[in-house]
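run_31.cif (mmCIF, N, CA and C atoms)
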```
data_query
#
loop_
_atom_site.label_atom_id
_atom_site.label_comp_id
_atom_site.auth_asym_id
_atom_site.auth_seq_id
_atom_site.Cartn_x
_atom_site.Cartn_y
_atom_site.Cartn_z
N MET G 1 -9.76 -22.32 9.31
CA MET G 1 -11.03 -22.60 8.66
C MET G 1 -11.68 -21.31 8.16
N LEU G 2 -11.67 -20.30 9.04
CA LEU G 2 -12.31 -19.05 8.66
C LEU G 2 -11.53 -18.36 7.54
N THR G 3 -10.22 -18.53 7.51
CA THR G 3 -9.42 -17.97 6.44
C THR G 3 -9.81 -18.60 5.10
N ALA G 4 -10.08 -19.89 5.10
CA ALA G 4 -10.50 -20.57 3.88
C ALA G 4 -11.85 -20.01 3.40
N VAL G 5 -12.73 -19.71 4.33
CA VAL G 5 -14.03 -19.14 3.97
C VAL G 5 -13.85 -17.77 3.32
N THR G 6 -12.94 -16.96 3.87
CA THR G 6 -12.72 -15.63 3.30
C THR G 6 -12.11 -15.72 1.91
N VAL G 7 -11.20 -16.65 1.71
CA VAL G 7 -10.60 -16.83 0.37
C VAL G 7 -11.66 -17.30 -0.62
N LEU G 8 -12.48 -18.24 -0.21
CA LEU G 8 -13.56 -18.72 -1.09
C LEU G 8 -14.56 -17.61 -1.39
N ALA G 9 -14.85 -16.77 -0.41
CA ALA G 9 -15.76 -15.65 -0.65
C ALA G 9 -15.16 -14.67 -1.65
N SER G 10 -13.86 -14.42 -1.56
CA SER G 10 -13.19 -13.54 -2.53
C SER G 10 -13.25 -14.13 -3.93
N LEU G 11 -12.99 -15.41 -4.03
CA LEU G 11 -13.07 -16.07 -5.34
C LEU G 11 -14.49 -16.06 -5.89
N ALA G 12 -15.47 -16.22 -5.00
CA ALA G 12 -16.87 -16.17 -5.44
C ALA G 12 -17.22 -14.78 -5.96
N LEU G 13 -16.73 -13.72 -5.29
CA LEU G 13 -16.99 -12.36 -5.76
C LEU G 13 -16.37 -12.13 -7.13
N ILE G 14 -15.15 -12.56 -7.31
CA ILE G 14 -14.48 -12.41 -8.60
C ILE G 14 -15.22 -13.20 -9.68
N GLY G 15 -15.61 -14.41 -9.36
CA GLY G 15 -16.37 -15.23 -10.31
C GLY G 15 -17.70 -14.61 -10.66
N TRP G 16 -18.36 -14.03 -9.67
CA TRP G 16 -19.65 -13.38 -9.91
C TRP G 16 -19.47 -12.18 -10.84
N LEU G 17 -18.40 -11.40 -10.61
CA LEU G 17 -18.14 -10.25 -11.48
C LEU G 17 -17.87 -10.69 -12.92
N ILE G 18 -17.09 -11.77 -13.07
CA ILE G 18 -16.80 -12.29 -14.41
C ILE G 18 -18.09 -12.79 -15.07
N TYR G 19 -18.91 -13.49 -14.31
CA TYR G 19 -20.19 -14.00 -14.84
C TYR G 19 -21.08 -12.84 -15.30
N ARG G 20 -21.17 -11.79 -14.48
CA ARG G 20 -21.99 -10.64 -14.86
C ARG G 20 -21.44 -9.96 -16.10
N GLY G 21 -20.09 -9.92 -16.21
CA GLY G 21 -19.47 -9.31 -17.38
C GLY G 21 -19.73 -10.11 -18.65
N ILE G 22 -19.67 -11.44 -18.55
CA ILE G 22 -19.92 -12.29 -19.71
C ILE G 22 -21.37 -12.18 -20.16
N LYS G 23 -22.29 -12.15 -19.22
CA LYS G 23 -23.72 -12.04 -19.56
C LYS G 23 -24.12 -10.61 -19.92
N GLN G 24 -23.18 -9.67 -19.79
CA GLN G 24 -23.39 -8.27 -20.08
C GLN G 24 -24.55 -7.68 -19.30
N LYS G 25 -24.63 -8.06 -18.04
CA LYS G 25 -25.63 -7.48 -17.14
C LYS G 25 -25.00 -6.29 -16.43
N PRO G 26 -25.78 -5.28 -16.13
CA PRO G 26 -25.21 -4.09 -15.48
C PRO G 26 -24.79 -4.40 -14.04
N ILE G 27 -23.67 -3.81 -13.66
CA ILE G 27 -23.18 -3.95 -12.29
C ILE G 27 -23.21 -2.56 -11.66
N ARG G 28 -23.98 -2.41 -10.62
CA ARG G 28 -24.10 -1.10 -9.98
C ARG G 28 -22.96 -0.91 -9.00
N ALA G 29 -22.52 0.32 -8.85
CA ALA G 29 -21.37 0.63 -7.99
C ALA G 29 -21.67 0.29 -6.54
N HIS G 30 -22.87 0.57 -6.06
CA HIS G 30 -23.17 0.30 -4.66
C HIS G 30 -23.15 -1.20 -4.34
N THR G 31 -23.45 -2.02 -5.32
CA THR G 31 -23.40 -3.46 -5.12
C THR G 31 -21.95 -3.92 -4.93
N ILE G 32 -21.06 -3.39 -5.75
CA ILE G 32 -19.64 -3.74 -5.63
C ILE G 32 -19.08 -3.25 -4.31
N VAL G 33 -19.40 -2.03 -3.93
CA VAL G 33 -18.89 -1.47 -2.68
C VAL G 33 -19.41 -2.28 -1.49
N ARG G 34 -20.67 -2.67 -1.52
CA ARG G 34 -21.22 -3.46 -0.42
C ARG G 34 -20.54 -4.83 -0.34
N ALA G 35 -20.30 -5.46 -1.50
CA ALA G 35 -19.62 -6.77 -1.51
C ALA G 35 -18.20 -6.64 -0.97
N ILE G 36 -17.49 -5.59 -1.36
CA ILE G 36 -16.13 -5.38 -0.86
C ILE G 36 -16.16 -5.11 0.64
N ALA G 37 -17.15 -4.38 1.11
CA ALA G 37 -17.27 -4.12 2.55
C ALA G 37 -17.51 -5.42 3.33
N TYR G 38 -18.36 -6.29 2.78
CA TYR G 38 -18.61 -7.56 3.44
C TYR G 38 -17.34 -8.41 3.49
N LEU G 39 -16.60 -8.43 2.38
CA LEU G 39 -15.35 -9.20 2.35
C LEU G 39 -14.33 -8.64 3.32
N THR G 40 -14.24 -7.33 3.39
CA THR G 40 -13.31 -6.70 4.32
C THR G 40 -13.68 -7.05 5.76
N GLY G 41 -14.95 -7.01 6.07
CA GLY G 41 -15.39 -7.40 7.41
C GLY G 41 -15.07 -8.85 7.71
N LEU G 42 -15.24 -9.71 6.74
CA LEU G 42 -14.95 -11.13 6.93
C LEU G 42 -13.45 -11.35 7.14
N TYR G 43 -12.61 -10.66 6.35
CA TYR G 43 -11.16 -10.76 6.55
C TYR G 43 -10.75 -10.24 7.92
N THR G 44 -11.33 -9.12 8.34
CA THR G 44 -11.02 -8.56 9.65
C THR G 44 -11.43 -9.51 10.76
N PHE G 45 -12.60 -10.10 10.64
CA PHE G 45 -13.08 -11.06 11.62
C PHE G 45 -12.14 -12.26 11.72
N ALA G 46 -11.73 -12.77 10.58
CA ALA G 46 -10.80 -13.91 10.56
C ALA G 46 -9.45 -13.53 11.15
N PHE G 47 -8.98 -12.32 10.87
CA PHE G 47 -7.69 -11.88 11.40
C PHE G 47 -7.73 -11.77 12.91
N PHE G 48 -8.78 -11.15 13.45
CA PHE G 48 -8.87 -10.99 14.90
C PHE G 48 -9.04 -12.33 15.61
N LEU G 49 -9.76 -13.25 15.01
CA LEU G 49 -9.94 -14.55 15.65
C LEU G 49 -8.68 -15.40 15.61
N SER G 50 -7.76 -15.09 14.70
CA SER G 50 -6.53 -15.86 14.62
C SER G 50 -5.48 -15.39 15.64
N MET G 51 -5.73 -14.27 16.32
CA MET G 51 -4.78 -13.75 17.31
C MET G 51 -4.91 -14.51 18.61
N ASN G 52 -3.80 -14.50 19.38
CA ASN G 52 -3.91 -15.04 20.73
C ASN G 52 -4.65 -14.01 21.60
N PHE G 53 -5.19 -14.45 22.70
CA PHE G 53 -6.12 -13.63 23.47
C PHE G 53 -5.50 -12.35 24.03
N PRO G 54 -4.30 -12.38 24.65
CA PRO G 54 -3.73 -11.12 25.16
C PRO G 54 -3.49 -10.08 24.06
N LEU G 55 -3.05 -10.51 22.90
CA LEU G 55 -2.84 -9.58 21.80
C LEU G 55 -4.17 -9.01 21.33
N LEU G 56 -5.19 -9.83 21.30
CA LEU G 56 -6.52 -9.37 20.90
C LEU G 56 -7.01 -8.28 21.85
N ILE G 57 -6.81 -8.48 23.15
CA ILE G 57 -7.22 -7.48 24.14
C ILE G 57 -6.47 -6.17 23.91
N LYS G 58 -5.17 -6.24 23.65
CA LYS G 58 -4.37 -5.03 23.41
C LYS G 58 -4.87 -4.28 22.18
N VAL G 59 -5.18 -5.00 21.12
CA VAL G 59 -5.66 -4.36 19.89
C VAL G 59 -7.01 -3.69 20.13
N VAL G 60 -7.93 -4.38 20.78
CA VAL G 60 -9.26 -3.82 21.03
C VAL G 60 -9.16 -2.59 21.93
N VAL G 61 -8.33 -2.65 22.96
CA VAL G 61 -8.15 -1.49 23.85
C VAL G 61 -7.54 -0.33 23.08
N SER G 62 -6.58 -0.59 22.21
CA SER G 62 -5.97 0.47 21.41
C SER G 62 -6.99 1.12 20.48
N ILE G 63 -7.84 0.31 19.86
CA ILE G 63 -8.87 0.86 18.98
C ILE G 63 -9.85 1.71 19.76
N MET G 64 -10.27 1.23 20.93
CA MET G 64 -11.20 2.00 21.75
C MET G 64 -10.58 3.30 22.23
N LEU G 65 -9.31 3.26 22.66
CA LEU G 65 -8.63 4.47 23.11
C LEU G 65 -8.51 5.47 21.96
N GLY G 66 -8.20 5.00 20.77
CA GLY G 66 -8.13 5.88 19.61
C GLY G 66 -9.47 6.53 19.32
N ALA G 67 -10.54 5.75 19.41
CA ALA G 67 -11.88 6.31 19.16
C ALA G 67 -12.22 7.38 20.19
N VAL G 68 -11.89 7.12 21.45
CA VAL G 68 -12.15 8.10 22.51
C VAL G 68 -11.37 9.38 22.27
N LEU G 69 -10.10 9.25 21.90
CA LEU G 69 -9.28 10.43 21.64
C LEU G 69 -9.79 11.23 20.44
N ILE G 70 -10.29 10.55 19.42
CA ILE G 70 -10.87 11.25 18.27
C ILE G 70 -12.11 12.02 18.68
N VAL G 71 -12.97 11.41 19.50
CA VAL G 71 -14.19 12.09 19.95
C VAL G 71 -13.83 13.30 20.81
N ILE G 72 -12.85 13.14 21.70
CA ILE G 72 -12.44 14.26 22.55
C ILE G 72 -11.86 15.39 21.70
N GLY G 73 -11.01 15.05 20.74
CA GLY G 73 -10.44 16.07 19.86
C GLY G 73 -11.49 16.80 19.05
N ALA G 74 -12.49 16.08 18.57
CA ALA G 74 -13.57 16.71 17.80
C ALA G 74 -14.40 17.63 18.69
N ALA G 75 -14.64 17.22 19.93
CA ALA G 75 -15.42 18.05 20.85
C ALA G 75 -14.66 19.33 21.18
N ILE G 76 -13.36 19.24 21.40
CA ILE G 76 -12.55 20.42 21.70
C ILE G 76 -12.51 21.35 20.50
N GLN G 77 -12.38 20.79 19.31
CA GLN G 77 -12.31 21.62 18.11
C GLN G 77 -13.63 22.34 17.86
N ARG G 78 -14.74 21.71 18.19
CA ARG G 78 -16.05 22.34 17.98
C ARG G 78 -16.26 23.51 18.93
N ARG G 79 -15.68 23.44 20.13
CA ARG G 79 -15.88 24.50 21.13
C ARG G 79 -15.12 25.76 20.79
N ARG G 80 -13.98 25.64 20.15
CA ARG G 80 -13.15 26.81 19.83
C ARG G 80 -13.76 27.58 18.67
N PRO G 81 -13.80 28.89 18.80
CA PRO G 81 -14.27 29.69 17.65
C PRO G 81 -13.21 29.68 16.56
N ALA G 82 -13.66 29.69 15.34
CA ALA G 82 -12.72 29.67 14.19
C ALA G 82 -12.09 31.05 14.06
N ASP G 83 -10.77 31.07 13.86
CA ASP G 83 -10.05 32.32 13.63
C ASP G 83 -10.34 32.80 12.21
N ARG G 84 -10.70 34.04 12.06
CA ARG G 84 -10.96 34.59 10.73
C ARG G 84 -9.86 35.58 10.40
N THR G 85 -8.85 35.08 9.73
CA THR G 85 -7.74 35.96 9.37
C THR G 85 -7.68 36.18 7.89
#
```

What is this structure when it is put down as structure tokens?
Amino acid sequence: MLTAVTVLASLALIGWLIYRGIKQKPIRAHTIVRAIAYLTGLYTFAFFLSMNFPLLIKVVVSIMLGAVLIVIGAAIQRRRPADRT
């Protein structure tokens, strides 16, 4: 069901862009980027909800572990003085 909503939302975005183009109304870049971000979030939400529960837990734990490792790496890099060669 949620996949159908995401497909319809994609078609609505494409239709809206075509409508704006036909009417020759200006389309701002931030509006397009925001619409694409919303669609991406909707697709991601639908993808995660379609997983079985143990796989979903593994994916979420992997994402959290990656985020922690990135934060630790950034903190270590900030502490080291930059070599000036």

Checklist entry - Quick one: distance from atom C of Tyr19 in chain G to atom C of Thr31 in chain G in Å, one decimal? => result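 Distance between the two atoms: 13.7 Å.
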
Item to check | G:Ile36, G:Ile22, G:Ala67, G:Ala46 ranked by distance to Met1 in chain G, top pick (using only N, CA and C atoms) | outcome: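 Looking at the shortest contact to Met1 in chain G, the residue is G:Ala46.
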
Checklist entry - How many Å lie between atom C of Pro54 in chain G and atom C of Val5 in chain G, rounded to one decimal? => result 24.4 Å

Checklist entry - Taking the backbone alone, and naming residues the way the document does, which bits of chain G are helix (DSSP H, G or I) by DSSP, as a PyMOL selection string? => result chain G and resi 2-22+29-49+53-79

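Those residues returned by the PyMOL selection byres (((chain G and resi 9-15 and name CA) around 12) and name CA) for this file are Leu2, Thr3, Ala4, Val5, Thr6, Val7, Leu8, Trp16, Leu17, Ile18, Tyr19, Arg20, Gly21, Ile22, Thr31, Ile32, Val33, Arg34, Ala35, Ile36, Ala37, Tyr38, Leu39, Thr40, Gly41, Leu42 and Tyr43 of chain G.
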
Item to check | Distance in Å - atom C of Val59 in chain G versus atom C of Phe47 in chain G | outcome: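 Straight-line distance from atom C of Val59 in chain G to atom C of Phe47 in chain G works out to 10.9 Å.
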